[in-house]
>>> print(open('final11.txt').read())   # compact mmCIF, C-alpha atoms and all ligand atoms
# COMPACT_ATOMS: atom_id res chain seq x y z
CA MET A 1 -48.10 137.89 13.98
CA ILE A 2 -46.92 141.47 14.33
CA GLU A 3 -44.44 142.62 11.69
CA LEU A 4 -42.18 145.64 12.04
CA ARG A 5 -41.08 147.63 9.00
CA THR A 6 -37.63 149.05 8.38
CA PRO A 7 -37.30 152.82 7.77
CA ALA A 8 -36.74 151.97 4.07
CA GLU A 9 -39.98 149.96 3.97
CA ILE A 10 -41.89 152.82 5.61
CA GLU A 11 -40.55 155.09 2.85
CA GLN A 12 -41.87 152.52 0.32
CA MET A 13 -45.32 152.86 1.92
CA ARG A 14 -45.54 156.61 1.37
CA PRO A 15 -46.85 156.46 -2.24
CA VAL A 16 -49.82 154.26 -1.36
CA GLY A 17 -50.61 156.53 1.58
CA ARG A 18 -50.53 159.57 -0.70
CA PHE A 19 -52.70 157.82 -3.29
CA VAL A 20 -55.33 156.93 -0.69
CA ALA A 21 -55.24 160.52 0.63
CA GLU A 22 -55.67 162.00 -2.86
CA THR A 23 -58.45 159.60 -3.78
CA LEU A 24 -60.48 160.32 -0.64
CA ALA A 25 -59.97 164.09 -1.01
CA THR A 26 -61.10 163.93 -4.67
CA LEU A 27 -64.10 161.72 -3.98
CA ARG A 28 -65.18 163.88 -1.03
CA ASP A 29 -64.94 166.97 -3.25
CA ASP A 30 -66.99 165.35 -6.01
CA THR A 31 -69.69 164.00 -3.71
CA LYS A 32 -72.73 166.30 -3.62
CA VAL A 33 -76.47 166.15 -3.12
CA GLY A 34 -77.67 163.90 -5.97
CA THR A 35 -74.43 161.89 -6.34
CA ASN A 36 -75.15 158.18 -6.64
CA LEU A 37 -73.15 155.82 -4.42
CA LEU A 38 -72.46 153.63 -7.46
CA ALA A 39 -70.91 156.64 -9.24
CA ILE A 40 -68.52 157.14 -6.30
CA ASP A 41 -67.47 153.49 -6.60
CA ARG A 42 -66.98 153.81 -10.37
CA ARG A 43 -64.82 156.92 -9.95
CA ALA A 44 -62.74 155.20 -7.25
CA HIS A 45 -62.31 152.22 -9.57
CA GLU A 46 -61.07 154.51 -12.38
CA MET A 47 -58.55 156.15 -10.06
CA ILE A 48 -57.29 152.72 -8.94
CA ARG A 49 -56.82 151.58 -12.55
CA LYS A 50 -55.04 154.79 -13.53
CA ALA A 51 -52.62 154.49 -10.60
CA GLY A 52 -51.94 150.80 -11.24
CA ALA A 53 -53.15 150.04 -7.72
CA GLU A 54 -55.21 147.08 -6.53
CA SER A 55 -58.38 147.23 -4.47
CA CYS A 56 -58.25 145.51 -1.08
CA TYR A 57 -62.03 145.32 -1.01
CA ILE A 58 -63.28 143.89 -4.28
CA ASP A 59 -62.42 140.26 -3.50
CA TYR A 60 -62.62 140.70 0.27
CA HIS A 61 -64.59 137.82 1.77
CA PRO A 62 -64.09 137.41 5.53
CA SER A 63 -66.19 135.01 7.61
CA PHE A 64 -68.72 137.74 8.47
CA GLY A 65 -69.29 138.79 4.84
CA ALA A 66 -72.16 137.25 2.88
CA SER A 67 -70.12 137.10 -0.36
CA PRO A 68 -67.07 138.89 -1.81
CA PHE A 69 -67.52 142.67 -1.35
CA GLY A 70 -67.49 143.32 -5.10
CA LYS A 71 -66.88 147.10 -4.87
CA VAL A 72 -63.73 149.17 -4.27
CA ILE A 73 -64.95 151.63 -1.63
CA CYS A 74 -67.25 151.55 1.38
CA THR A 75 -70.00 154.16 1.26
CA SER A 76 -71.86 154.33 4.58
CA VAL A 77 -74.74 156.81 4.79
CA ASN A 78 -76.54 158.16 7.90
CA ASP A 79 -77.31 155.21 10.23
CA ALA A 80 -74.79 153.08 8.29
CA VAL A 81 -71.30 153.51 9.74
CA LEU A 82 -69.05 150.65 8.61
CA HIS A 83 -68.66 148.42 5.51
CA GLY A 84 -71.37 150.27 3.57
CA LEU A 85 -71.83 148.40 0.29
CA PRO A 86 -72.34 150.94 -2.53
CA HIS A 87 -75.84 150.59 -3.98
CA ASP A 88 -78.17 152.55 -6.25
CA TYR A 89 -78.88 155.55 -4.02
CA ALA A 90 -78.65 159.26 -4.87
CA LEU A 91 -77.51 161.30 -1.86
CA ARG A 92 -80.05 163.69 -0.33
CA ASP A 93 -79.61 167.06 1.34
CA GLY A 94 -78.11 166.61 4.82
CA ASP A 95 -76.91 163.03 4.35
CA LEU A 96 -73.91 162.06 6.48
CA VAL A 97 -71.49 160.09 4.30
CA THR A 98 -68.49 157.97 5.26
CA LEU A 99 -66.02 156.85 2.61
CA ASP A 100 -63.59 154.11 3.64
CA PHE A 101 -60.91 153.15 1.13
CA ALA A 102 -58.00 150.71 1.14
CA VAL A 103 -55.73 149.74 -1.74
CA SER A 104 -52.41 148.09 -2.42
CA LEU A 105 -49.79 149.86 -4.54
CA ASN A 106 -46.36 148.35 -5.26
CA GLY A 107 -47.20 145.66 -2.73
CA TRP A 108 -48.03 147.96 0.20
CA VAL A 109 -51.43 148.79 1.63
CA ALA A 110 -52.92 151.99 3.09
CA ASP A 111 -56.38 152.35 4.62
CA SER A 112 -58.24 155.56 5.49
CA ALA A 113 -61.77 156.83 6.08
CA VAL A 114 -63.47 160.21 6.21
CA SER A 115 -66.98 161.39 7.13
CA PHE A 116 -68.74 164.52 5.85
CA VAL A 117 -72.19 165.93 5.16
CA VAL A 118 -73.58 166.76 1.71
CA GLY A 119 -75.80 169.82 1.48
CA THR A 120 -77.13 171.45 4.63
CA PRO A 121 -75.64 169.83 7.75
CA ARG A 122 -77.34 169.15 11.05
CA ASP A 123 -75.39 170.48 14.04
CA GLU A 124 -75.39 167.10 15.79
CA ASP A 125 -73.90 165.44 12.70
CA LEU A 126 -71.07 167.97 12.48
CA ALA A 127 -70.45 167.46 16.22
CA LEU A 128 -70.24 163.69 15.78
CA ILE A 129 -67.80 164.00 12.88
CA ASP A 130 -65.73 166.47 14.91
CA THR A 131 -65.61 163.99 17.81
CA THR A 132 -64.29 161.16 15.61
CA GLU A 133 -61.68 163.52 14.12
CA ARG A 134 -60.55 164.72 17.55
CA ALA A 135 -60.39 161.12 18.76
CA LEU A 136 -58.19 160.25 15.78
CA ASP A 137 -55.91 163.25 16.43
CA ALA A 138 -55.61 162.27 20.11
CA ALA A 139 -54.90 158.66 19.16
CA ILE A 140 -52.16 159.66 16.72
CA ALA A 141 -50.60 161.94 19.37
CA ALA A 142 -50.62 158.93 21.75
CA ALA A 143 -48.95 156.63 19.20
CA GLN A 144 -45.43 157.23 20.48
CA PRO A 145 -42.52 154.78 20.52
CA GLY A 146 -42.16 153.31 23.99
CA GLY A 147 -45.91 153.36 24.55
CA LYS A 148 -48.48 150.59 24.27
CA THR A 149 -51.47 150.00 22.00
CA GLY A 150 -53.64 150.66 25.07
CA ASP A 151 -52.41 154.27 25.03
CA ILE A 152 -54.06 154.70 21.61
CA SER A 153 -57.27 152.98 22.75
CA ALA A 154 -57.46 155.08 25.93
CA ALA A 155 -56.91 158.32 24.01
CA ILE A 156 -59.81 157.49 21.66
CA ALA A 157 -62.09 156.49 24.52
CA ALA A 158 -61.35 159.65 26.53
CA VAL A 159 -62.60 161.85 23.69
CA ALA A 160 -65.72 159.75 23.06
CA LEU A 161 -66.68 159.33 26.70
CA GLY A 162 -66.12 163.07 27.21
CA GLU A 163 -68.92 163.60 24.69
CA GLY A 164 -71.16 161.05 26.41
CA LEU A 165 -70.90 158.55 23.54
CA LYS A 166 -70.98 154.78 23.94
CA ILE A 167 -68.14 152.78 22.38
CA ASN A 168 -68.44 149.55 20.43
CA THR A 169 -65.15 147.59 20.50
CA ASP A 170 -66.07 144.91 17.94
CA PHE A 171 -64.37 146.77 15.08
CA GLY A 172 -61.28 148.92 15.46
CA GLY A 173 -57.75 149.57 14.30
CA HIS A 174 -55.35 146.97 12.94
CA GLY A 175 -51.90 146.34 11.60
CA VAL A 176 -51.35 147.32 7.94
CA GLY A 177 -48.58 146.14 5.62
CA ARG A 178 -48.60 143.79 2.66
CA GLU A 179 -52.21 142.96 3.62
CA MET A 180 -55.06 145.21 4.77
CA HIS A 181 -55.65 143.57 8.15
CA GLY A 182 -52.96 142.33 10.50
CA ASP A 183 -52.07 142.30 14.17
CA PRO A 184 -52.29 144.06 16.51
CA HIS A 185 -55.97 144.84 16.92
CA ILE A 186 -56.42 148.34 18.37
CA ALA A 187 -59.78 148.63 20.10
CA ASN A 188 -61.46 152.02 20.40
CA ASN A 189 -61.50 151.64 24.20
CA GLY A 190 -58.82 150.32 26.52
CA ARG A 191 -56.37 151.07 29.26
CA ALA A 192 -53.23 153.14 28.83
CA GLY A 193 -50.06 151.18 29.53
CA ARG A 194 -51.62 147.87 28.44
CA GLY A 195 -51.33 145.93 25.22
CA TYR A 196 -48.63 145.50 22.61
CA PRO A 197 -45.54 147.75 22.74
CA LEU A 198 -45.47 150.56 20.19
CA LYS A 199 -42.12 149.83 18.59
CA PRO A 200 -40.55 151.82 15.75
CA GLY A 201 -41.61 150.10 12.53
CA LEU A 202 -45.14 149.28 13.64
CA VAL A 203 -47.63 150.38 10.96
CA VAL A 204 -51.28 150.50 11.97
CA ALA A 205 -54.63 151.89 10.90
CA ILE A 206 -56.34 153.77 13.72
CA GLU A 207 -60.08 154.18 13.22
CA PRO A 208 -62.40 155.70 15.79
CA TRP A 209 -66.07 155.42 14.79
CA PHE A 210 -69.05 156.30 16.92
CA LEU A 211 -72.84 156.31 16.80
CA GLN A 212 -74.94 159.11 18.25
CA THR A 213 -77.00 157.22 20.83
CA THR A 214 -76.08 153.51 20.83
CA ASP A 215 -73.14 151.12 20.64
CA GLU A 216 -75.15 148.36 18.97
CA LEU A 217 -74.89 147.47 15.30
CA ILE A 218 -77.18 145.54 13.02
CA THR A 219 -76.26 144.04 9.65
CA ASP A 220 -78.18 145.24 6.63
CA PRO A 221 -79.94 142.67 4.40
CA ASP A 222 -77.10 143.26 1.89
CA GLY A 223 -74.92 141.18 4.25
CA TRP A 224 -72.26 143.88 4.62
CA THR A 225 -73.49 147.32 5.67
CA LEU A 226 -73.43 147.82 9.44
CA ARG A 227 -76.08 150.20 10.79
CA SER A 228 -76.86 151.53 14.23
CA ALA A 229 -79.48 149.44 16.03
CA ASP A 230 -81.52 152.55 16.90
CA GLY A 231 -81.33 154.45 13.61
CA SER A 232 -79.00 157.14 14.98
CA ARG A 233 -76.22 158.30 12.72
CA GLY A 234 -72.56 157.29 12.73
CA ALA A 235 -69.19 158.80 11.77
CA HIS A 236 -65.74 157.34 11.20
CA SER A 237 -62.21 158.76 10.85
CA GLU A 238 -59.24 156.61 9.95
CA HIS A 239 -55.59 157.05 9.06
CA THR A 240 -52.73 154.63 8.48
CA ILE A 241 -49.73 155.64 10.56
CA ALA A 242 -46.16 154.43 10.97
CA ILE A 243 -44.52 154.60 14.38
CA THR A 244 -40.92 155.71 14.11
CA ALA A 245 -38.20 156.54 16.62
CA ASP A 246 -39.16 160.20 16.09
CA GLY A 247 -42.89 159.67 16.59
CA PRO A 248 -45.83 158.82 14.33
CA ILE A 249 -45.93 159.53 10.58
CA VAL A 250 -49.45 159.82 9.15
CA LEU A 251 -49.07 158.01 5.81
CA THR A 252 -52.60 158.89 4.63
CA ASP A 253 -52.42 162.54 5.75
CA ARG A 254 -54.33 164.83 3.36
CA SER A 255 -52.70 168.05 4.57
CA PHE A 256 -50.20 168.11 1.67
CA LEU A 257 -53.27 168.72 -0.50
CA GLY A 258 -54.23 171.68 1.66
CA VAL A 259 -57.27 169.87 3.10
CA LYS A 260 -58.06 168.11 6.37
MG MG B 301 -59.29 149.93 8.58
>>> encode(input="final11.txt", output="structure tokens", more="lines below")
Ligand code: MG
Amino acid sequence: MIELRTPAEIEQMRPVGRFVAETLATLRDDTKVGTNLLAIDRRAHEMIRKAGAESCYIDYHPSFGASPFGKVICTSVNDAVLHGLPHDYALRDGDLVTLDFAVSLNGWVADSAVSFVVGTPRDEDLALIDTTERALDAAIAAAQPGGKTGDISAAIAAVALGEGLKINTDFGGHGVGREMHGDPHIANNGRAGRGYPLKPGLVVAIEPWFLQTTDELITDPDGWTLRSADGSRGAHSEHTIAITADGPIVLTDRSFLGVK
């Protein structure tokens, strides 16, 4: 079921969006060569407790998960791109890291992800991150009232295909509200003009993610972490946005902090 939010409810969602933005900006800043993935999770947990928020991940146990997730942030490194379960690993020079974070605060959820490199970056990794960020920007620009969810999907696909990337449509954007995942699903490829109408009050997470040379994923023995089938690296950019009569509002925008 697709739920639409009133302008007052969208205002109520701003604090959780800001908290997710601040947390990701802080964790990205603190993550360096040598940082352990478990330390990132601990820091995220502290920030959640301090804010009085609730993790959407810790008890998350969908049909595809081996057991409840048990951590509060996804840390996906290099060939891991989605659902990376934090484990005892100290980041190495040149690692490509994705942090994906969703919490509930005052009963409302926000969900956002960011990719970056620690230490000395490889050009192709920066290019892949840039492509996911441009796809997200294009998708947000396409998220206009009167449009369709296919407009968002097509905007993402145009950027990825323009870079010669393949697109996996198994995991994509989704409605966000009282829960982390709701309708509609927003695939990272689709046709403009098709799909669910983008009505004012629709709140969705948009999340382009791409792999360098494949669209196939394999599940790690941990039961959660999704890696590229060919070992190539992945990147992921996600924001939670609200569609209003005046256009999209990016609830998890980090620009108020002076960072992208
Ligand atoms: Mg999401």
>>> residues_near_ligand(input="final11.txt", ligand="ligand MG 301 (chain B)", cutoff="6 Å", atoms="all atoms listed in the file", output="PyMOL selection string")
chain A and resi 111+173+205
>>> write_last_selection(input="final11.txt", atoms="C-alpha atoms", output="PDB file, keeping the file's coordinate frame")
ATOM      1  CA  ASP A 111     -56.380 152.350   4.620  1.00  0.00           C
ATOM      2  CA  GLY A 173     -57.750 149.570  14.300  1.00  0.00           C
ATOM      3  CA  ALA A 205     -54.630 151.890  10.900  1.00  0.00           C
TER       4      ALA A 205
END
>>> closest_atom_pairs(input="final11.txt", of="range 51-131 of chain A", to="range 237-244 of chain A", cutoff="9 Å", atoms="only C-alpha atoms", output="JSON lines")
{"residue": "A:Thr98", "atom": "CA", "partner": "A:Ser237", "partner_atom": "CA", "distance": 8.4}
{"residue": "A:Asp100", "atom": "CA", "partner": "A:Glu238", "partner_atom": "CA", "distance": 8.1}
{"residue": "A:Ala110", "atom": "CA", "partner": "A:Thr240", "partner_atom": "CA", "distance": 6.0}
{"residue": "A:Asp111", "atom": "CA", "partner": "A:Thr240", "partner_atom": "CA", "distance": 5.8}
{"residue": "A:Ser112", "atom": "CA", "partner": "A:His239", "partner_atom": "CA", "distance": 4.7}
{"residue": "A:Ala113", "atom": "CA", "partner": "A:Glu238", "partner_atom": "CA", "distance": 4.6}
{"residue": "A:Val114", "atom": "CA", "partner": "A:Ser237", "partner_atom": "CA", "distance": 5.0}
{"residue": "A:Ser115", "atom": "CA", "partner": "A:Ser237", "partner_atom": "CA", "distance": 6.6}
{"residue": "A:Ile129", "atom": "CA", "partner": "A:Ser237", "partner_atom": "CA", "distance": 7.9}
>>> closest_residue(input="final11.txt", among="A:Thr213, A:Ser228, A:Ser104, A:Gln144", to="Gly164 in chain A", atoms="all atoms listed in the file")
A:Thr213
>>> closest_residue(input="final11.txt", among="A:Glu54, A:Arg191, A:Leu96, A:Thr75", to="Asp123 in chain A", atoms="all atoms listed in the file")
A:Leu96
>>> residues_around(input="final11.txt", residues="Gly195 in chain A", least_positions_apart="3", cutoff="7 Å", atoms="all atoms listed in the file", output="PyMOL selection string")
chain A and resi 148-150
>>> closest_atom_pairs(input="final11.txt", of="range 85-110 of chain A", to="range 27-31 of chain A", cutoff="10 Å", atoms="all atoms listed in the file", output="tab-separated table")
residue	atom	partner	partner_atom	distance
A:Leu91	CA	A:Thr31	CA	8.5
A:Val97	CA	A:Arg28	CA	9.1
A:Thr98	CA	A:Arg28	CA	9.2
A:Leu99	CA	A:Arg28	CA	8.0
>>> closest_residue(input="final11.txt", among="A:Phe19, A:Arg254, A:Ala160, A:Cys56", to="Gly177 in chain A", atoms="only C-alpha atoms")
A:Cys56
>>> atom_distance(input="final11.txt", atom1="CA of Ser63 in chain A", atom2="CA of Pro221 in chain A")
16.1 Å
>>> build_atoms(input="final11.txt", residues="range 218-229 of chain A", atoms="all heavy atoms", output="CSV table (one decimal), in the frame of the given file")
chain,number,residue,atom,x,y,z
A,218,ILE,N,-76.4,146.6,13.7
A,218,ILE,CA,-77.2,145.5,13.0
A,218,ILE,C,-76.7,145.4,11.6
A,218,ILE,O,-76.2,146.4,11.0
A,218,ILE,CB,-78.7,145.8,13.0
A,218,ILE,CG1,-79.0,147.2,12.5
A,218,ILE,CG2,-79.3,145.6,14.4
A,218,ILE,CD1,-80.5,147.4,12.3
A,219,THR,N,-76.7,144.2,11.0
A,219,THR,CA,-76.3,144.0,9.6
A,219,THR,C,-77.4,144.2,8.7
A,219,THR,O,-78.5,143.6,8.9
A,219,THR,CB,-75.6,142.6,9.5
A,219,THR,OG1,-74.6,142.5,10.5
A,219,THR,CG2,-75.0,142.5,8.1
A,220,ASP,N,-77.2,145.0,7.7
A,220,ASP,CA,-78.2,145.2,6.6
A,220,ASP,C,-78.5,143.9,5.9
A,220,ASP,O,-77.6,143.0,5.8
A,220,ASP,CB,-77.5,146.2,5.7
A,220,ASP,CG,-78.5,147.0,4.8
A,220,ASP,OD1,-79.1,147.9,5.3
A,220,ASP,OD2,-78.6,146.6,3.6
A,221,PRO,N,-79.7,143.8,5.3
A,221,PRO,CA,-79.9,142.7,4.4
A,221,PRO,C,-78.9,142.4,3.3
A,221,PRO,O,-78.8,141.3,2.8
A,221,PRO,CB,-81.3,143.0,3.8
A,221,PRO,CG,-82.0,143.9,4.8
A,221,PRO,CD,-80.8,144.7,5.4
A,222,ASP,N,-78.1,143.5,2.9
A,222,ASP,CA,-77.1,143.3,1.9
A,222,ASP,C,-75.9,142.4,2.4
A,222,ASP,O,-75.1,142.0,1.6
A,222,ASP,CB,-76.6,144.6,1.3
A,222,ASP,CG,-75.8,145.4,2.3
A,222,ASP,OD1,-75.3,144.9,3.3
A,222,ASP,OD2,-75.5,146.6,2.0
A,223,GLY,N,-75.9,142.1,3.7
A,223,GLY,CA,-74.9,141.2,4.2
A,223,GLY,C,-73.6,141.9,4.6
A,223,GLY,O,-72.7,141.2,5.2
A,224,TRP,N,-73.5,143.1,4.4
A,224,TRP,CA,-72.3,143.9,4.6
A,224,TRP,C,-72.5,145.1,5.5
A,224,TRP,O,-71.8,145.3,6.5
A,224,TRP,CB,-71.6,144.3,3.3
A,224,TRP,CG,-70.9,143.3,2.6
A,224,TRP,CD1,-71.3,142.5,1.6
A,224,TRP,CD2,-69.6,142.8,3.0
A,224,TRP,NE1,-70.3,141.6,1.3
A,224,TRP,CE2,-69.2,141.8,2.1
A,224,TRP,CE3,-68.6,143.2,3.9
A,224,TRP,CZ2,-68.0,141.1,2.1
A,224,TRP,CZ3,-67.4,142.5,4.0
A,224,TRP,CH2,-67.1,141.5,3.1
A,225,THR,N,-73.4,146.0,5.0
A,225,THR,CA,-73.5,147.3,5.7
A,225,THR,C,-73.9,147.2,7.1
A,225,THR,O,-74.9,146.5,7.5
A,225,THR,CB,-74.6,148.1,4.9
A,225,THR,OG1,-74.2,148.1,3.5
A,225,THR,CG2,-74.7,149.5,5.5
A,226,LEU,N,-73.1,147.8,8.0
A,226,LEU,CA,-73.4,147.8,9.4
A,226,LEU,C,-74.1,149.1,9.8
A,226,LEU,O,-73.5,150.2,9.6
A,226,LEU,CB,-72.2,147.6,10.3
A,226,LEU,CG,-71.5,146.2,10.0
A,226,LEU,CD1,-70.2,146.1,10.8
A,226,LEU,CD2,-72.4,145.1,10.4
A,227,ARG,N,-75.3,149.0,10.4
A,227,ARG,CA,-76.1,150.2,10.8
A,227,ARG,C,-76.3,150.2,12.3
A,227,ARG,O,-76.2,149.2,13.0
A,227,ARG,CB,-77.5,150.1,10.2
A,227,ARG,CG,-77.5,150.1,8.7
A,227,ARG,CD,-78.9,150.1,8.1
A,227,ARG,NE,-78.8,150.0,6.6
A,227,ARG,CZ,-78.6,151.1,5.8
A,227,ARG,NH1,-78.5,152.3,6.3
A,227,ARG,NH2,-78.6,150.9,4.5
A,228,SER,N,-76.5,151.4,12.8
A,228,SER,CA,-76.9,151.5,14.2
A,228,SER,C,-78.2,150.8,14.5
A,228,SER,O,-79.1,150.8,13.7
A,228,SER,CB,-77.0,153.0,14.6
A,228,SER,OG,-78.1,153.6,14.1
A,229,ALA,N,-78.3,150.2,15.7
A,229,ALA,CA,-79.5,149.4,16.0
A,229,ALA,C,-80.7,150.4,16.2
A,229,ALA,O,-81.8,149.9,16.1
A,229,ALA,CB,-79.2,148.6,17.3
